[in-house]
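Asks: Here you go, protein_11.txt (compact mmCIF, C-alpha atoms):
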# COMPACT_ATOMS: atom_id res chain seq x y z
CA MET A 1 -20.34 -31.19 -12.44
CA LYS A 2 -21.00 -27.58 -13.50
CA VAL A 3 -21.21 -24.99 -10.74
CA LYS A 4 -22.14 -21.63 -12.21
CA GLU A 5 -22.91 -20.12 -8.81
CA LEU A 6 -19.18 -19.98 -8.08
CA LEU A 7 -18.64 -17.77 -11.11
CA SER A 8 -21.60 -15.43 -10.85
CA LEU A 9 -20.38 -13.66 -7.77
CA ASN A 10 -21.48 -10.24 -8.98
CA GLU A 11 -25.09 -11.36 -8.81
CA ASN A 12 -24.62 -12.78 -5.34
CA MET A 13 -23.04 -9.71 -3.74
CA GLY A 14 -24.54 -9.24 -0.31
CA LYS A 15 -26.50 -12.51 -0.52
CA GLU A 16 -25.94 -15.89 1.09
CA CYS A 17 -25.25 -18.75 -1.28
CA THR A 18 -25.04 -22.50 -0.83
CA ILE A 19 -23.57 -24.86 -3.42
CA SER A 20 -24.34 -28.57 -3.49
CA LEU A 21 -22.15 -31.19 -5.13
CA THR A 22 -23.44 -34.24 -6.98
CA ASN A 23 -22.04 -36.50 -4.26
CA GLY A 24 -24.49 -34.97 -1.78
CA THR A 25 -21.97 -32.77 0.04
CA ILE A 26 -23.31 -29.38 1.09
CA LEU A 27 -20.63 -26.72 0.81
CA ASN A 28 -20.24 -23.89 3.26
CA SER A 29 -22.54 -20.92 2.69
CA CYS A 30 -20.71 -17.79 1.72
CA ILE A 31 -21.45 -14.11 2.06
CA HIS A 32 -19.97 -11.65 -0.40
CA LEU A 33 -19.77 -8.33 1.40
CA SER A 34 -17.37 -6.07 -0.44
CA THR A 35 -15.12 -5.60 -3.44
CA LEU A 36 -11.44 -6.32 -3.07
CA GLU A 37 -9.44 -3.14 -3.38
CA ASN A 38 -6.08 -3.02 -5.12
CA GLU A 39 -4.01 -3.76 -2.04
CA GLY A 40 -6.71 -4.03 0.58
CA ASN A 41 -6.71 -7.83 0.73
CA ASN A 42 -3.05 -7.91 1.62
CA PRO A 43 -1.84 -4.80 3.41
CA SER A 44 1.65 -6.29 3.60
CA CYS A 45 2.05 -5.33 -0.08
CA ASN A 46 2.52 -1.81 1.23
CA ARG A 47 6.07 -1.58 2.53
CA ASN A 48 4.96 1.17 4.92
CA HIS A 49 2.43 -1.14 6.59
CA LYS A 50 3.22 -1.62 10.25
CA PRO A 51 1.30 -3.40 13.02
CA GLU A 52 -0.43 -1.13 15.50
CA LYS A 53 1.55 -0.34 18.62
CA LYS A 54 0.79 1.62 21.74
CA MET A 55 2.35 5.05 21.49
CA ILE A 56 4.70 6.23 24.20
CA ILE A 57 4.17 9.91 24.96
CA MET A 58 7.14 11.94 26.10
CA LYS A 59 7.38 15.54 27.12
CA GLN A 60 8.69 17.78 24.36
CA LYS A 61 11.80 18.86 26.22
CA TYR A 62 12.90 15.25 26.71
CA ILE A 63 12.45 14.52 23.01
CA LYS A 64 14.63 17.51 22.09
CA GLN A 65 17.29 16.41 24.55
CA ALA A 66 17.28 12.86 23.17
CA LEU A 67 17.61 14.10 19.57
CA LEU A 68 20.48 16.38 20.50
CA LEU A 69 22.25 13.52 22.22
CA LEU A 70 21.84 11.29 19.15
CA LEU A 71 23.25 13.99 16.87
CA LEU A 72 26.29 14.30 19.12
CA ILE A 73 26.89 10.55 19.22
CA PHE A 74 25.99 9.75 15.60
CA PRO A 75 26.82 12.77 13.43
CA PHE A 76 26.38 10.83 10.20
CA ALA A 77 23.32 8.81 9.13
CA ALA A 78 23.91 5.11 8.56
CA SER A 79 23.48 3.72 5.04
CA ALA A 80 20.69 1.30 4.24
CA TYR A 81 23.23 -1.02 2.63
CA ASP A 82 26.69 -2.33 3.51
CA ILE A 83 28.47 -2.17 0.18
CA GLU A 84 27.96 -1.14 -3.45
CA ILE A 85 29.74 -2.98 -6.26
CA SER A 86 29.19 -2.20 -9.95
CA GLY A 87 25.89 -0.46 -9.28
CA ILE A 88 24.41 -3.23 -7.10
CA TYR A 89 23.84 -2.71 -3.39
CA TYR A 90 24.24 -5.46 -0.80
CA ASN A 91 23.76 -6.22 2.86
CA VAL A 92 26.49 -8.60 4.02
CA SER A 93 26.50 -11.22 6.75
CA VAL A 94 30.15 -11.32 7.79
CA THR A 95 29.72 -14.44 9.94
CA GLU A 96 28.24 -16.49 7.08
CA MET A 97 29.93 -14.56 4.26
CA THR A 98 26.65 -14.28 2.36
CA ALA A 99 24.98 -11.27 0.83
CA SER A 100 21.48 -10.07 0.01
CA VAL A 101 20.71 -7.63 -2.79
CA THR A 102 19.02 -4.55 -1.38
CA GLN A 103 17.93 -1.00 -2.21
CA GLY A 104 20.53 1.66 -2.80
CA ASP A 105 20.87 5.40 -3.18
CA ALA A 106 19.10 5.39 -6.55
CA PRO A 107 16.60 3.06 -8.29
CA TYR A 108 17.98 0.29 -10.46
CA THR A 109 17.54 0.88 -14.21
CA GLY A 110 18.11 -0.99 -17.48
CA ASP A 111 19.59 -4.47 -17.48
CA VAL A 112 20.87 -5.77 -14.14
CA THR A 113 23.03 -8.87 -13.74
CA ILE A 114 23.44 -10.16 -10.18
CA PRO A 115 26.76 -11.97 -9.69
CA THR A 116 27.11 -15.32 -7.95
CA SER A 117 29.68 -13.85 -5.57
CA PHE A 118 32.03 -10.93 -4.95
CA THR A 119 35.07 -10.10 -2.83
CA PHE A 120 34.55 -8.28 0.46
CA SER A 121 37.41 -7.60 2.90
CA SER A 122 39.61 -10.01 0.93
CA ARG A 123 37.05 -12.80 1.33
CA GLU A 124 34.57 -14.28 -1.15
CA VAL A 125 30.93 -13.54 -0.38
CA SER A 126 28.13 -15.60 -1.94
CA VAL A 127 24.96 -13.80 -3.08
CA THR A 128 22.15 -15.96 -1.66
CA SER A 129 19.04 -13.77 -1.65
CA ILE A 130 17.18 -10.79 -3.06
CA GLY A 131 15.94 -8.85 -0.07
CA ASP A 132 12.56 -7.29 0.70
CA ASN A 133 11.84 -4.21 -1.47
CA ALA A 134 15.18 -4.60 -3.29
CA PHE A 135 13.81 -3.38 -6.65
CA TYR A 136 10.71 -1.65 -5.27
CA ASP A 137 9.29 0.89 -7.77
CA CYS A 138 12.25 0.51 -10.14
CA TYR A 139 10.09 1.58 -13.06
CA SER A 140 12.98 1.62 -15.58
CA LEU A 141 14.32 -1.85 -14.78
CA THR A 142 14.05 -3.80 -18.05
CA SER A 143 15.71 -7.15 -17.28
CA ILE A 144 17.26 -9.03 -14.38
CA ASP A 145 19.65 -11.98 -14.40
CA ILE A 146 19.44 -13.99 -11.16
CA PRO A 147 22.26 -16.47 -10.43
CA ASN A 148 21.84 -20.04 -9.15
CA SER A 149 23.32 -19.03 -5.82
CA VAL A 150 20.08 -17.20 -4.91
CA THR A 151 17.68 -19.34 -2.86
CA SER A 152 15.01 -16.82 -1.87
CA ILE A 153 13.31 -13.72 -3.25
CA GLY A 154 11.92 -11.36 -0.63
CA SER A 155 8.57 -9.62 -0.24
CA ARG A 156 7.85 -6.85 -2.77
CA ALA A 157 11.27 -7.47 -4.33
CA PHE A 158 10.09 -6.42 -7.81
CA TYR A 159 7.03 -4.43 -6.76
CA ARG A 160 5.74 -2.27 -9.64
CA CYS A 161 8.71 -2.81 -11.93
CA TYR A 162 6.67 -1.66 -14.90
CA GLY A 163 9.49 -2.05 -17.44
CA LEU A 164 10.28 -5.69 -16.61
CA THR A 165 9.08 -7.88 -19.50
CA SER A 166 10.41 -11.33 -18.61
CA ILE A 167 12.25 -13.09 -15.83
CA GLU A 168 13.76 -16.52 -15.30
CA ILE A 169 13.83 -17.77 -11.75
CA PRO A 170 16.75 -20.20 -11.18
CA ASN A 171 16.08 -23.69 -9.82
CA SER A 172 17.94 -22.79 -6.64
CA VAL A 173 15.02 -20.63 -5.46
CA THR A 174 12.67 -22.44 -3.06
CA SER A 175 10.12 -19.73 -2.30
CA ILE A 176 8.52 -16.66 -3.85
CA SER A 177 7.38 -14.26 -1.14
CA GLU A 178 4.22 -12.16 -0.98
CA CYS A 179 3.77 -9.35 -3.49
CA THR A 180 7.11 -10.20 -5.14
CA PHE A 181 5.98 -9.25 -8.66
CA PHE A 182 2.97 -7.14 -7.70
CA GLY A 183 2.03 -4.69 -10.45
CA CYS A 184 4.67 -5.82 -12.99
CA SER A 185 2.23 -4.92 -15.76
CA SER A 186 4.68 -5.47 -18.67
CA LEU A 187 5.75 -8.96 -17.55
CA THR A 188 4.76 -11.29 -20.40
CA SER A 189 6.50 -14.49 -19.35
CA ILE A 190 7.92 -16.06 -16.24
CA GLU A 191 9.30 -19.51 -15.57
CA ILE A 192 8.80 -21.00 -12.12
CA PRO A 193 11.17 -23.93 -11.46
CA ASN A 194 10.28 -27.18 -9.69
CA SER A 195 12.40 -26.12 -6.74
CA VAL A 196 9.74 -23.58 -5.67
CA THR A 197 7.44 -25.01 -2.99
CA SER A 198 5.48 -21.89 -2.03
CA ILE A 199 4.12 -18.82 -3.79
CA GLY A 200 3.20 -15.99 -1.42
CA ASN A 201 0.02 -13.93 -1.26
CA SER A 202 -0.46 -11.55 -4.20
CA ALA A 203 2.86 -12.69 -5.67
CA PHE A 204 1.77 -11.99 -9.26
CA SER A 205 -1.17 -9.63 -8.65
CA GLY A 206 -1.59 -7.04 -11.38
CA CYS A 207 0.69 -8.77 -13.90
CA SER A 208 -1.80 -7.85 -16.60
CA SER A 209 0.41 -8.82 -19.58
CA LEU A 210 0.90 -12.45 -18.47
CA THR A 211 -1.02 -14.70 -20.87
CA SER A 212 -0.10 -18.08 -19.43
CA ILE A 213 1.83 -19.53 -16.54
CA GLU A 214 2.78 -23.04 -15.52
CA ILE A 215 2.78 -23.86 -11.83
CA PRO A 216 5.31 -26.60 -10.97
CA ASN A 217 4.15 -29.77 -9.22
CA SER A 218 6.21 -28.84 -6.18
CA VAL A 219 3.66 -26.16 -5.19
CA THR A 220 0.88 -27.33 -2.84
CA SER A 221 -1.36 -24.25 -2.66
CA ILE A 222 -2.26 -21.17 -4.70
CA SER A 223 -2.21 -18.38 -2.14
CA ASP A 224 -4.58 -15.47 -1.57
CA GLY A 225 -4.68 -13.16 -4.57
CA ALA A 226 -1.71 -14.92 -6.17
CA PHE A 227 -2.88 -14.07 -9.72
CA TRP A 228 -5.42 -11.38 -8.90
CA SER A 229 -6.07 -8.97 -11.77
CA CYS A 230 -3.89 -10.85 -14.26
CA SER A 231 -6.32 -9.67 -16.92
CA GLY A 232 -4.32 -11.09 -19.84
CA LEU A 233 -4.16 -14.61 -18.41
CA THR A 234 -6.03 -16.96 -20.77
CA SER A 235 -4.91 -20.34 -19.45
CA ILE A 236 -3.20 -21.87 -16.47
CA GLU A 237 -2.23 -25.42 -15.59
CA ILE A 238 -2.79 -26.45 -11.99
CA PRO A 239 -0.70 -29.51 -11.04
CA ASN A 240 -1.92 -32.48 -8.97
CA SER A 241 0.25 -31.34 -6.08
CA VAL A 242 -2.08 -28.40 -5.33
CA THR A 243 -4.57 -29.07 -2.52
CA SER A 244 -6.08 -25.61 -2.08
CA ILE A 245 -6.96 -22.57 -4.17
CA ASP A 246 -7.16 -19.68 -1.74
CA ASN A 247 -9.27 -16.51 -1.59
CA ASN A 248 -9.36 -14.43 -4.75
CA ALA A 249 -6.55 -16.47 -6.31
CA PHE A 250 -7.80 -15.75 -9.85
CA GLY A 251 -10.08 -12.79 -9.15
CA ASN A 252 -10.37 -10.22 -11.97
CA CYS A 253 -8.67 -12.55 -14.47
CA SER A 254 -11.10 -11.33 -17.11
CA SER A 255 -9.52 -13.25 -20.01
CA LEU A 256 -9.42 -16.61 -18.22
CA THR A 257 -12.03 -18.68 -20.06
CA SER A 258 -11.13 -22.20 -18.99
CA ILE A 259 -9.40 -23.93 -16.12
CA GLU A 260 -9.10 -27.56 -15.01
CA ILE A 261 -9.08 -28.24 -11.30
CA PRO A 262 -7.32 -31.51 -10.40
CA ASN A 263 -8.71 -34.12 -7.98
CA SER A 264 -6.02 -33.19 -5.46
CA VAL A 265 -7.80 -29.92 -4.61
CA THR A 266 -9.93 -30.14 -1.45
CA SER A 267 -10.81 -26.48 -0.86
CA ILE A 268 -11.53 -23.36 -2.90
CA GLY A 269 -11.51 -19.98 -1.18
CA ARG A 270 -14.02 -17.14 -1.45
CA TRP A 271 -13.92 -14.99 -4.59
CA ALA A 272 -11.43 -17.49 -6.08
CA PHE A 273 -12.68 -16.81 -9.64
CA ARG A 274 -14.57 -13.60 -9.07
CA ASN A 275 -14.94 -11.39 -12.18
CA SER A 276 -12.99 -13.88 -14.29
CA GLY A 277 -13.87 -14.77 -17.87
CA LEU A 278 -15.12 -18.22 -16.82
CA THR A 279 -18.72 -19.03 -17.63
CA SER A 280 -18.67 -22.55 -16.16
CA ILE A 281 -16.32 -24.71 -14.18
CA GLU A 282 -16.11 -28.36 -13.19
CA ILE A 283 -15.51 -28.97 -9.51
CA PRO A 284 -14.01 -32.37 -8.66
CA ASN A 285 -15.58 -34.54 -5.96
CA SER A 286 -12.45 -34.08 -3.85
CA VAL A 287 -13.53 -30.50 -3.03
CA THR A 288 -15.29 -30.36 0.34
CA SER A 289 -15.43 -26.62 0.95
CA ILE A 290 -15.90 -23.49 -1.11
The structure given in the file should be rewritten as structure tokens.
Replies:
Amino acid sequence: MKVKELLSLNENMGKECTISLTNGTILNSCIHLSTLENEGNNPSCNRNHKPEKKMIIMKQKYIKQALLLLLLIFPFAASAYDIEISGIYYNVSVTEMTASVTQGDAPYTGDVTIPTSFTFSSREVSVTSIGDNAFYDCYSLTSIDIPNSVTSIGSRAFYRCYGLTSIEIPNSVTSISECTFFGCSSLTSIEIPNSVTSIGNSAFSGCSSLTSIEIPNSVTSISDGAFWSCSGLTSIEIPNSVTSIDNNAFGNCSSLTSIEIPNSVTSIGRWAFRNSGLTSIEIPNSVTSI
């Protein structure tokens, strides 16, 4: 069945639309109200984003007294990392003897090789994760070697690493967090192993040099904005394990001309293919909501 209404979202901006399937199912009406901004759909991509909190107002003299007391007790500022070895910065869990790669005093540049382990206080520490924001805005990072000891990659870990051209994720990694590779505009290839079960929101948004990507059959959903603005993406293979394609998953993929949706998919989110290069698409009978 061809459903062109799903693709012509520009014409339907501000209008209600209803799509009917050949099996008689009436899909949910949708209202397209606004354009998705670069990071507006997922404010968590901004590392400075914080939930709103009620502000506690103190008198100025008490604030000055508190600051003075802190300066007397803590004369030196604490580092954002625990240890630096060969140009790589880590936070260490002494109880578990594991480490997470983190930000340091200066951005990472060139080719970086993360070791499987290192010695800390005469004990071996295993490197098990790449922390949130670890390589955030490391524009001059050109390559990264991730060991099999790493099981998770944190949010915004490689955010706007413009110089990164390719990356191989080891089969020890089970999840890719939100905005992990956001804005990696020079990334031309990436291999996602079968060990990965979830891909976070906006994980590959703005990877405009990616031409193709294979999603492993261990992944069950394509999250919000996962491949948003991947303008070089011409083809993608969606495995039978995927049950949902979320909001704006392939929005602004202007070079995407064809895609096959498997019968396992039951829902497609709003703006899923908005401003893509698709002119028609076949929706399987398994889909009950758009």
Asks: When you draw a straight line from atom CA of Val112 of chain A to atom CA of Gly154 of chain A, how long is it in Å?
Replies: 17.1 Å
Asks: Out of A:Ala157, A:Val265, A:Val219, A:Ile144, which residue has the shortest atom-to-atom distance to Val287 of chain A when counting all atoms listed in the file?
Replies: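 Among A:Ala157, A:Val265, A:Val219, A:Ile144, it is A:Val265 that comes nearest to Val287 of chain A.
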Asks: Would you compute the distance between atom CA of Ser205 of chain A and atom CA of Val173 of chain A? Give it in Å to one decimal.
Replies: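 For atom CA of Ser205 of chain A relative to atom CA of Val173 of chain A, the distance reads 19.8 Å.
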Asks: Which one of A:Ser195, A:Thr288, A:Asn148, A:Thr211 sits closest to Cys230 of chain A if you count all atoms listed in the file?
Replies: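 Checking each of A:Ser195, A:Thr288, A:Asn148, A:Thr211 against Cys230 of chain A, counting all atoms listed in the file, the winner is A:Thr211.
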Asks: Please identify all polymer residues within 9 Å of Thr128 of chain A, counting all atoms listed in the file, omitting same-chain residues fewer than 3 positions from it, and present them as an MDAnalysis selection string.
Replies: chainID A and resid 98:101 116:117 147:152
Asks: Which protein, DNA or RNA residues have an atom at most 7 Å from (6.1, -8.4, -7.9), counting all atoms listed in the file? List them as a list in words.
Replies: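 With a cut-off of 7 Å, the residues come to Arg156, Ala157, Phe158, Tyr159, Arg160, Cys179, Thr180, Phe181, Phe182, Gly183, Cys184, Ala203 and Phe204 of chain A.
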Asks: Could you give me, as a tab-separated table, every segment 133-220 of chain A residue with an atom at most 10 Å from segment 232-239 of chain A, plus its closest atom pair and distance in Å to one decimal, counting all atoms listed in the file, rows ordered by chain then number?
Replies:
residue	atom	partner	partner_atom	distance
A:Ser185	CA	A:Gly232	CA	9.9
A:Thr188	CA	A:Gly232	CA	9.1
A:Gly206	CA	A:Gly232	CA	9.8
A:Cys207	CA	A:Gly232	CA	8.1
A:Ser208	CA	A:Gly232	CA	5.2
A:Ser209	CA	A:Gly232	CA	5.3
A:Leu210	CA	A:Leu233	CA	5.5
A:Thr211	CA	A:Leu233	CA	4.0
A:Ser212	CA	A:Ser235	CA	5.3
A:Ile213	CA	A:Ile236	CA	5.5
A:Glu214	CA	A:Glu237	CA	5.5
A:Ile215	CA	A:Ile238	CA	6.1
A:Pro216	CA	A:Pro239	CA	6.7
A:Asn217	CA	A:Pro239	CA	5.2
A:Ser218	CA	A:Pro239	CA	8.5
A:Val219	CA	A:Pro239	CA	8.0
A:Thr220	CA	A:Pro239	CA	8.6
Asks: Give me the box for segment 273-280 of chain A as lines of an AutoDock Vina configuration file, namely the centre and edge lengths in Å to one decimal of a box along x, y and z that holds every listed atom plus 3 Å on each side.
Replies:
center_x = -15.7
center_y = -17.0
center_z = -13.5
size_x = 12.0
size_y = 17.2
size_z = 14.8
Asks: Find the distance between atom CA of Asn91 of chain A and atom CA of Arg123 of chain A and write it in Å to one decimal.
Replies: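 We find that atom CA of Asn91 of chain A and atom CA of Arg123 of chain A lie 14.9 Å from each other.
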